[in-house]
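Written out below as structure tokens is the structure these notes cover.
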Amino acid sequence: MTRKRRRLYILLLCGIGLGTATALTLTAFQDNLVFFRSPSDILAEAPPPGRDFRLGGLVEAGSVQRSTGPDGRPHVTFRVTDGQHSIPVQFSGVLPDLFREGQGVVTLGRLGPGNVFLAREVLARHDENYMPPEVADALRRAGHWDPARGDPPPASGWNRLDPRRSGG
């Protein structure tokens, strides 16, 4: 075997090893990826059963119902909206201090029976000027905000906005 051929074999083996390691890494990441979806996205194309994802939007005004679950933990039911559609959410646990109606929220969980989102974690926005990028994208796609026309509409009222008149 010549030196040139041996070098070629070594390079091919390294390439195969690197390709295999990359494929295994990407396969492992695929199981841990958590995608963001808006209520309109979910109603248009439901995620696979049992798959975790993030649901984002605004807490619909008048939808929050608090109770105590059978285990004694706080239980909250509310609706997340993107201005066009809304999805009911159930959560057991303590909500963030900034959680309230009309505010941006991102929840982590999975879709349960009857298209009810079963949340394991609820994240609320952290100040008056912050809007999660995913929520801003959902607003733009729903036609409730045109960045060229100014700041996004106030979070407290965009689930009731007329898309033709919104935009800041």
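Quick note on naming: the chains in the structure tokens go A, B, ... in the order shown, residues restart at 1 in each chain, and ligands are numbered from 1 in order of appearance.
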Q: List the neighbours of range 68-83 of chain A out to 9 Å using only C-alpha atoms; skip same-chain residues closer than 5 positions along the sequence, and give me the result as a PyMOL selection string.
A: chain A and resi 38-40+55-63+88-95+101+104-106+135+138-139+142-144+158-163
Q | Computed interatomic separation between CA of Arg51 in chain A and CA of Leu108 in chain A (Å) | A |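 According to the coordinates, CA of Arg51 in chain A and CA of Leu108 in chain A are separated by 10.7 Å.
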Q.
Just the number, please: distance in Å from CA of Ala124 in chain A to CA of Thr107 in chain A, one decimal.
A.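 So the two atoms, CA of Ala124 in chain A and CA of Thr107 in chain A, lie 8.6 Å apart.
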Q) Which residue out of A:Val122, A:Phe53, A:Ile42, A:Leu111 has the minimum interatomic distance to His85 in chain A when only C-alpha atoms are used? A) A:Ile42
